[in-house]
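Peer 1: Hey, dropping work23.cif in here, mmCIF, C-alpha atoms; chains and numbers go by the auth columns:
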data_work
loop_
_atom_site.group_PDB
_atom_site.id
_atom_site.type_symbol
_atom_site.label_atom_id
_atom_site.label_comp_id
_atom_site.label_asym_id
_atom_site.label_seq_id
_atom_site.Cartn_x
_atom_site.Cartn_y
_atom_site.Cartn_z
_atom_site.B_iso_or_equiv
_atom_site.auth_seq_id
_atom_site.auth_asym_id
ATOM 1 C CA LYS A 1 0.000 0.000 0.000 0.00 1 A
ATOM 2 C CA ARG A 2 1.335 3.422 -0.937 0.00 2 A
ATOM 3 C CA ALA A 3 -0.452 6.579 0.194 0.00 3 A
ATOM 4 C CA ASN A 4 -4.085 5.919 -0.614 0.00 4 A
ATOM 5 C CA ILE A 5 -3.461 3.522 -3.516 0.00 5 A
ATOM 6 C CA GLU A 6 -3.651 -0.222 -3.118 0.00 6 A
ATOM 7 C CA TRP A 7 -2.593 -2.569 -5.910 0.00 7 A
ATOM 8 C CA ARG A 8 -4.303 -5.933 -6.333 0.00 8 A
ATOM 9 C CA CYS A 9 -2.885 -8.741 -8.425 0.00 9 A
ATOM 10 C CA MET A 10 -5.806 -11.028 -9.143 0.00 10 A
ATOM 11 C CA PRO A 11 -8.241 -11.931 -11.891 0.00 11 A
ATOM 12 C CA ALA A 12 -10.739 -9.108 -12.329 0.00 12 A
ATOM 13 C CA GLU A 13 -13.595 -11.604 -12.187 0.00 13 A
ATOM 14 C CA GLU A 14 -12.591 -12.320 -8.547 0.00 14 A
ATOM 15 C CA VAL A 15 -12.859 -8.679 -7.467 0.00 15 A
ATOM 16 C CA THR A 16 -15.895 -8.372 -5.192 0.00 16 A
ATOM 17 C CA GLU A 17 -17.373 -6.067 -2.557 0.00 17 A
ATOM 18 C CA ALA A 18 -15.598 -8.162 0.070 0.00 18 A
ATOM 19 C CA LEU A 19 -12.447 -6.210 -0.802 0.00 19 A
ATOM 20 C CA GLY A 20 -14.099 -2.994 0.383 0.00 20 A
ATOM 21 C CA ARG A 21 -15.339 0.214 -1.213 0.00 21 A
ATOM 22 C CA VAL A 22 -13.145 2.348 -3.464 0.00 22 A
ATOM 23 C CA ASP A 23 -13.259 5.728 -5.162 0.00 23 A
ATOM 24 C CA ALA A 24 -11.821 4.593 -8.459 0.00 24 A
ATOM 25 C CA VAL A 25 -10.606 1.583 -10.388 0.00 25 A
ATOM 26 C CA VAL A 26 -7.910 1.968 -13.036 0.00 26 A
ATOM 27 C CA MET A 27 -7.234 -0.733 -15.611 0.00 27 A
ATOM 28 C CA GLY A 28 -4.233 -0.428 -17.887 0.00 28 A
ATOM 29 C CA GLN A 29 -4.424 -2.229 -21.220 0.00 29 A
ATOM 30 C CA SER A 30 -6.293 -5.148 -19.665 0.00 30 A
ATOM 31 C CA PHE A 31 -10.060 -4.688 -19.976 0.00 31 A
ATOM 32 C CA HIS A 32 -10.131 -6.471 -23.349 0.00 32 A
ATOM 33 C CA TRP A 33 -8.954 -9.677 -21.596 0.00 33 A
ATOM 34 C CA MET A 34 -11.883 -9.693 -19.149 0.00 34 A
ATOM 35 C CA HIS A 35 -15.476 -10.767 -19.139 0.00 35 A
ATOM 36 C CA ARG A 36 -16.321 -7.086 -19.451 0.00 36 A
ATOM 37 C CA ASP A 37 -20.037 -7.108 -18.612 0.00 37 A
ATOM 38 C CA GLN A 38 -19.409 -9.270 -15.548 0.00 38 A
ATOM 39 C CA VAL A 39 -16.530 -7.123 -14.310 0.00 39 A
ATOM 40 C CA LEU A 40 -18.489 -3.874 -14.711 0.00 40 A
ATOM 41 C CA ALA A 41 -21.432 -5.349 -12.797 0.00 41 A
ATOM 42 C CA GLN A 42 -19.116 -6.506 -9.994 0.00 42 A
ATOM 43 C CA LEU A 43 -17.333 -3.151 -9.762 0.00 43 A
ATOM 44 C CA ALA A 44 -20.481 -1.017 -9.585 0.00 44 A
ATOM 45 C CA PRO A 45 -21.374 -1.737 -5.929 0.00 45 A
ATOM 46 C CA MET A 46 -17.730 -1.372 -4.866 0.00 46 A
ATOM 47 C CA ILE A 47 -17.257 2.134 -6.243 0.00 47 A
ATOM 48 C CA ARG A 48 -18.454 4.998 -4.076 0.00 48 A
ATOM 49 C CA GLU A 49 -20.770 7.704 -5.408 0.00 49 A
ATOM 50 C CA GLY A 50 -18.741 10.278 -7.299 0.00 50 A
ATOM 51 C CA GLY A 51 -16.173 7.647 -8.288 0.00 51 A
ATOM 52 C CA GLY A 52 -15.677 5.698 -11.460 0.00 52 A
ATOM 53 C CA ILE A 53 -13.346 3.706 -13.625 0.00 53 A
ATOM 54 C CA ALA A 54 -10.527 4.617 -15.988 0.00 54 A
ATOM 55 C CA LEU A 55 -9.538 2.349 -18.851 0.00 55 A
ATOM 56 C CA ILE A 56 -6.078 3.064 -20.269 0.00 56 A
ATOM 57 C CA GLY A 57 -4.833 1.619 -23.520 0.00 57 A
ATOM 58 C CA PRO A 58 -3.548 2.320 -26.981 0.00 58 A
ATOM 59 C CA SER A 59 -5.767 4.488 -29.114 0.00 59 A
ATOM 60 C CA MET A 60 -7.462 2.851 -32.073 0.00 60 A
ATOM 61 C CA ARG A 61 -7.077 6.130 -34.025 0.00 61 A
ATOM 62 C CA LEU A 62 -3.366 5.761 -34.888 0.00 62 A
ATOM 63 C CA ARG A 63 -0.975 2.961 -35.655 0.00 63 A
ATOM 64 C CA THR A 64 0.970 2.756 -32.436 0.00 64 A
ATOM 65 C CA GLU A 65 4.396 1.620 -33.600 0.00 65 A
ATOM 66 C CA SER A 66 6.464 2.638 -36.619 0.00 66 A
ATOM 67 C CA THR A 67 8.110 -0.800 -36.617 0.00 67 A
ATOM 68 C CA GLU A 68 4.856 -2.795 -36.857 0.00 68 A
ATOM 69 C CA ALA A 69 4.906 -3.084 -40.653 0.00 69 A
ATOM 70 C CA ILE A 70 8.438 -4.486 -40.518 0.00 70 A
ATOM 71 C CA LEU A 71 8.012 -6.891 -37.626 0.00 71 A
ATOM 72 C CA ASN A 72 4.440 -8.178 -37.963 0.00 72 A
ATOM 73 C CA PRO A 73 5.215 -10.511 -40.905 0.00 73 A
ATOM 74 C CA ILE A 74 8.199 -11.923 -38.997 0.00 74 A
ATOM 75 C CA LEU A 75 6.118 -12.405 -35.856 0.00 75 A
ATOM 76 C CA GLU A 76 3.435 -14.225 -37.856 0.00 76 A
ATOM 77 C CA ARG A 77 6.026 -16.638 -39.280 0.00 77 A
ATOM 78 C CA TYR A 78 7.183 -17.508 -35.776 0.00 78 A
ATOM 79 C CA LEU A 79 3.920 -17.347 -33.810 0.00 79 A
ATOM 80 C CA GLY A 80 1.073 -17.548 -36.315 0.00 80 A
ATOM 81 C CA PRO A 81 -1.656 -14.972 -36.890 0.00 81 A
ATOM 82 C CA ARG A 82 -2.301 -12.544 -34.071 0.00 82 A
ATOM 83 C CA GLY A 83 -5.973 -13.529 -33.850 0.00 83 A
ATOM 84 C CA SER A 84 -4.947 -16.921 -32.492 0.00 84 A
ATOM 85 C CA LEU A 85 -5.256 -15.734 -28.875 0.00 85 A
ATOM 86 C CA LYS A 86 -8.667 -16.428 -27.390 0.00 86 A
ATOM 87 C CA ARG A 87 -10.208 -13.623 -25.380 0.00 87 A
ATOM 88 C CA PRO A 88 -13.312 -14.059 -23.238 0.00 88 A
ATOM 89 C CA ASP A 89 -14.982 -11.138 -24.995 0.00 89 A
ATOM 90 C CA PRO A 90 -14.734 -11.017 -28.799 0.00 90 A
ATOM 91 C CA GLU A 91 -15.583 -7.291 -29.043 0.00 91 A
ATOM 92 C CA PRO A 92 -12.438 -5.379 -30.024 0.00 92 A
ATOM 93 C CA ALA A 93 -13.470 -2.119 -28.316 0.00 93 A
ATOM 94 C CA ASN A 94 -14.523 -1.237 -24.769 0.00 94 A
ATOM 95 C CA GLU A 95 -17.446 0.987 -25.770 0.00 95 A
ATOM 96 C CA PRO A 96 -20.154 -1.684 -26.264 0.00 96 A
ATOM 97 C CA ALA A 97 -19.702 -3.075 -22.738 0.00 97 A
ATOM 98 C CA LEU A 98 -19.636 0.429 -21.242 0.00 98 A
ATOM 99 C CA ARG A 99 -22.831 1.404 -23.108 0.00 99 A
ATOM 100 C CA ARG A 100 -24.599 -1.768 -21.882 0.00 100 A
ATOM 101 C CA SER A 101 -23.584 -1.095 -18.294 0.00 101 A
ATOM 102 C CA ALA A 102 -26.219 0.359 -16.001 0.00 102 A
ATOM 103 C CA SER A 103 -23.504 2.075 -13.941 0.00 103 A
ATOM 104 C CA PHE A 104 -20.810 3.225 -16.400 0.00 104 A
ATOM 105 C CA SER A 105 -22.649 4.080 -19.626 0.00 105 A
ATOM 106 C CA THR A 106 -21.758 7.780 -19.562 0.00 106 A
ATOM 107 C CA PHE A 107 -18.093 7.866 -20.477 0.00 107 A
ATOM 108 C CA HIS A 108 -15.698 10.056 -22.395 0.00 108 A
ATOM 109 C CA SER A 109 -12.238 9.638 -23.852 0.00 109 A
ATOM 110 C CA HIS A 110 -9.053 11.662 -23.558 0.00 110 A
ATOM 111 C CA PHE A 111 -6.165 11.158 -25.965 0.00 111 A
ATOM 112 C CA PHE A 112 -2.479 11.697 -25.234 0.00 112 A
ATOM 113 C CA ILE A 113 0.270 11.631 -27.841 0.00 113 A
ATOM 114 C CA ALA A 114 3.884 10.875 -26.958 0.00 114 A
ATOM 115 C CA GLU A 115 6.938 10.795 -29.160 0.00 115 A
ATOM 116 C CA PHE A 116 10.126 9.004 -28.185 0.00 116 A
ATOM 117 C CA GLU A 117 13.040 7.032 -29.592 0.00 117 A
ATOM 118 C CA ARG A 118 13.690 3.302 -29.272 0.00 118 A
ATOM 119 C CA ASP A 119 16.772 1.329 -30.115 0.00 119 A
ATOM 120 C CA ILE A 120 16.579 -2.220 -31.449 0.00 120 A
ATOM 121 C CA ALA A 121 16.830 -3.811 -27.988 0.00 121 A
ATOM 122 C CA SER A 122 13.927 -1.669 -26.805 0.00 122 A
ATOM 123 C CA VAL A 123 11.811 -2.532 -29.875 0.00 123 A
ATOM 124 C CA ILE A 124 12.370 -6.256 -29.336 0.00 124 A
ATOM 125 C CA GLY A 125 11.774 -5.884 -25.586 0.00 125 A
ATOM 126 C CA HIS A 126 8.447 -4.227 -26.336 0.00 126 A
ATOM 127 C CA ILE A 127 7.459 -7.224 -28.473 0.00 127 A
ATOM 128 C CA TYR A 128 8.144 -9.540 -25.520 0.00 128 A
ATOM 129 C CA SER A 129 6.011 -7.376 -23.226 0.00 129 A
ATOM 130 C CA MET A 130 2.839 -8.069 -25.211 0.00 130 A
ATOM 131 C CA SER A 131 0.500 -10.944 -24.392 0.00 131 A
ATOM 132 C CA TYR A 132 0.667 -12.152 -27.998 0.00 132 A
ATOM 133 C CA SER A 133 4.442 -12.522 -28.036 0.00 133 A
ATOM 134 C CA PRO A 134 6.176 -13.233 -24.704 0.00 134 A
ATOM 135 C CA ARG A 135 9.683 -14.698 -24.938 0.00 135 A
ATOM 136 C CA SER A 136 8.406 -18.094 -23.808 0.00 136 A
ATOM 137 C CA LYS A 137 6.243 -18.508 -26.934 0.00 137 A
ATOM 138 C CA PHE A 138 9.292 -18.543 -29.215 0.00 138 A
ATOM 139 C CA GLY A 139 10.784 -21.638 -27.597 0.00 139 A
ATOM 140 C CA ASP A 140 14.041 -22.755 -29.192 0.00 140 A
ATOM 141 C CA ARG A 141 13.480 -20.291 -32.064 0.00 141 A
ATOM 142 C CA LEU A 142 13.979 -17.215 -29.850 0.00 142 A
ATOM 143 C CA GLU A 143 17.529 -16.507 -31.026 0.00 143 A
ATOM 144 C CA ALA A 144 16.579 -16.965 -34.692 0.00 144 A
ATOM 145 C CA PHE A 145 13.643 -14.569 -34.256 0.00 145 A
ATOM 146 C CA GLU A 146 15.855 -11.933 -32.649 0.00 146 A
ATOM 147 C CA GLN A 147 18.452 -12.207 -35.425 0.00 147 A
ATOM 148 C CA GLU A 148 15.807 -11.915 -38.144 0.00 148 A
ATOM 149 C CA ALA A 149 14.116 -8.979 -36.381 0.00 149 A
ATOM 150 C CA ARG A 150 17.438 -7.152 -35.899 0.00 150 A
ATOM 151 C CA SER A 151 18.367 -7.660 -39.557 0.00 151 A
ATOM 152 C CA ALA A 152 14.980 -6.415 -40.789 0.00 152 A
ATOM 153 C CA LEU A 153 15.081 -3.372 -38.499 0.00 153 A
ATOM 154 C CA LEU A 154 18.631 -2.456 -39.562 0.00 154 A
ATOM 155 C CA ALA A 155 17.733 -2.889 -43.248 0.00 155 A
ATOM 156 C CA PHE A 156 14.839 -0.462 -42.718 0.00 156 A
ATOM 157 C CA ASN A 157 16.877 2.012 -40.675 0.00 157 A
ATOM 158 C CA PRO A 158 20.670 1.464 -40.479 0.00 158 A
ATOM 159 C CA SER A 159 20.973 3.794 -37.466 0.00 159 A
ATOM 160 C CA GLY A 160 18.996 1.310 -35.366 0.00 160 A
ATOM 161 C CA VAL A 161 17.076 4.188 -33.764 0.00 161 A
ATOM 162 C CA PHE A 162 13.349 4.428 -34.346 0.00 162 A
ATOM 163 C CA LYS A 163 11.205 7.456 -33.620 0.00 163 A
ATOM 164 C CA GLU A 164 7.866 6.278 -32.312 0.00 164 A
ATOM 165 C CA ARG A 165 4.657 8.205 -32.038 0.00 165 A
ATOM 166 C CA ILE A 166 2.015 6.596 -29.893 0.00 166 A
ATOM 167 C CA GLU A 167 -1.409 7.707 -28.850 0.00 167 A
ATOM 168 C CA THR A 168 -2.903 6.551 -25.567 0.00 168 A
ATOM 169 C CA GLU A 169 -6.611 6.664 -24.887 0.00 169 A
ATOM 170 C CA VAL A 170 -7.984 7.056 -21.381 0.00 170 A
ATOM 171 C CA GLN A 171 -11.689 6.305 -21.117 0.00 171 A
ATOM 172 C CA ILE A 172 -13.241 7.826 -18.004 0.00 172 A
ATOM 173 C CA ALA A 173 -16.525 6.299 -16.891 0.00 173 A
ATOM 174 C CA PRO A 174 -18.050 7.947 -13.823 0.00 174 A
ATOM 175 C CA LYS A 175 -20.461 5.826 -11.839 0.00 175 A
ATOM 176 C CA VAL A 176 -24.019 6.902 -12.640 0.00 176 A
#
Translate the structure described by the file into structure tokens.
Peer 2:
Amino acid sequence: KRANIEWRCMPAEEVTEALGRVDAVVMGQSFHWMHRDQVLAQLAPMIREGGGIALIGPSMRLRTESTEAILNPILERYLGPRGSLKRPDPEPANEPALRRSASFSTFHSHFFIAEFERDIASVIGHIYSMSYSPRSKFGDRLEAFEQEARSALLAFNPSGVFKERIETEVQIAPKV
């Protein structure tokens, strides 16, 4: 516990009123992995009046990585098509579940753009941070993937430095 923030590491579907009442719940790039309608219904009685939820994730308005076009074909050769991961909720966006919710249907979005530079190690590290492509999924082909990715990135940009422009969306849904 730090100040008035408490972090919980548990499946969202196990979050119940037994944990106590809260002012806000923040979910970072995770809501799409949940049974969204169920989670919203479970959160509603936990959140005090005047509180709400914040959903943070990449914006659907922009491509998020300048290296995607280079690396996606390589990733597909090693891991198969990206759609191969099964999510409990097939809807790609959060909005339908929020609109169906009796408690969080009035929401709005804020967009934040950041620009930064990544080197090749950082680009590859970012790939491993995603649920689709953790290091463990490459098995004994990890080294071959890294070599192929490095070669493709250097062929695209010999400096090995990539300027990225990402847009983050924060959806704020006050409890109604």
Peer 1: Written as a PyMOL selection string, what is the full residue list that the PyMOL selection byres ((chain A and resi 103-120) around 9) yields on the file shown?
Peer 2: chain A and resi 40-41+44+52-53+59+95+97-102+121-125+149-150+153-154+159-176
Peer 1: Would you kindly return, as number ranges by chain, each protein, DNA or RNA residue with an atom no farther than 12 Å from any atom of region 69-85 of chain A, considering only C-alpha atoms and excluding same-chain residues fewer than 6 positions away?
Peer 2: A: 32-33, 63, 92, 120, 123-124, 126-128, 130-157, 162
Peer 1: In Å, rounded to a single decimal, give me how far CA of Asp23 (chain A) is from CA of Gly51 (chain A).
Peer 2: 4.7 Å
Peer 1: Given the PyMOL selection byres ((chain A and resi 31) around 10) and the file above, list the residues it selects as a PDB file with C-alpha atoms, in the frame of the given file.
Peer 2:
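Generated output (out.pdb):
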ATOM      1  CA  ALA A  12     -10.739  -9.108 -12.329  1.00  0.00           C
ATOM      2  CA  VAL A  26      -7.910   1.968 -13.036  1.00  0.00           C
ATOM      3  CA  MET A  27      -7.234  -0.733 -15.611  1.00  0.00           C
ATOM      4  CA  GLY A  28      -4.233  -0.428 -17.887  1.00  0.00           C
ATOM      5  CA  GLN A  29      -4.424  -2.229 -21.220  1.00  0.00           C
ATOM      6  CA  SER A  30      -6.293  -5.148 -19.665  1.00  0.00           C
ATOM      7  CA  HIS A  32     -10.131  -6.471 -23.349  1.00  0.00           C
ATOM      8  CA  TRP A  33      -8.954  -9.677 -21.596  1.00  0.00           C
ATOM      9  CA  MET A  34     -11.883  -9.693 -19.149  1.00  0.00           C
ATOM     10  CA  HIS A  35     -15.476 -10.767 -19.139  1.00  0.00           C
ATOM     11  CA  ARG A  36     -16.321  -7.086 -19.451  1.00  0.00           C
ATOM     12  CA  VAL A  39     -16.530  -7.123 -14.310  1.00  0.00           C
ATOM     13  CA  LEU A  40     -18.489  -3.874 -14.711  1.00  0.00           C
ATOM     14  CA  LEU A  55      -9.538   2.349 -18.851  1.00  0.00           C
ATOM     15  CA  ILE A  56      -6.078   3.064 -20.269  1.00  0.00           C
ATOM     16  CA  GLY A  57      -4.833   1.619 -23.520  1.00  0.00           C
ATOM     17  CA  ASP A  89     -14.982 -11.138 -24.995  1.00  0.00           C
ATOM     18  CA  ALA A  93     -13.470  -2.119 -28.316  1.00  0.00           C
ATOM     19  CA  ASN A  94     -14.523  -1.237 -24.769  1.00  0.00           C
TER      20      ASN A  94
END
Peer 1: Could you check how far CA of Glu13 (chain A) sits from CA of Met60 (chain A), in Å to one decimal?
Peer 2: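 Computing it gives 25.3 Å between the two atoms.
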Peer 1: Give me, please, the distance in Å between CA of Arg8 (chain A) and CA of Leu43 (chain A), quoted to one decimal.
Peer 2: 13.8 Å
Peer 1: Run the PyMOL selection byres ((chain A and resi 46) around 7) against the file shown and list the residues it catches, as a ChimeraX atom specification.
Peer 2: /A:17,20-22,43-45,47-48
Peer 1: Edge lengths and centre, in Å to one decimal, as lines of an AutoDock Vina configuration file: that's what I need for the box along x, y and z that holds all listed atoms of region 122-128 of chain A plus 3 Å on each side.
Peer 2:
center_x = 10.7
center_y = -5.6
center_z = -27.7
size_x = 12.5
size_y = 13.9
size_z = 10.4
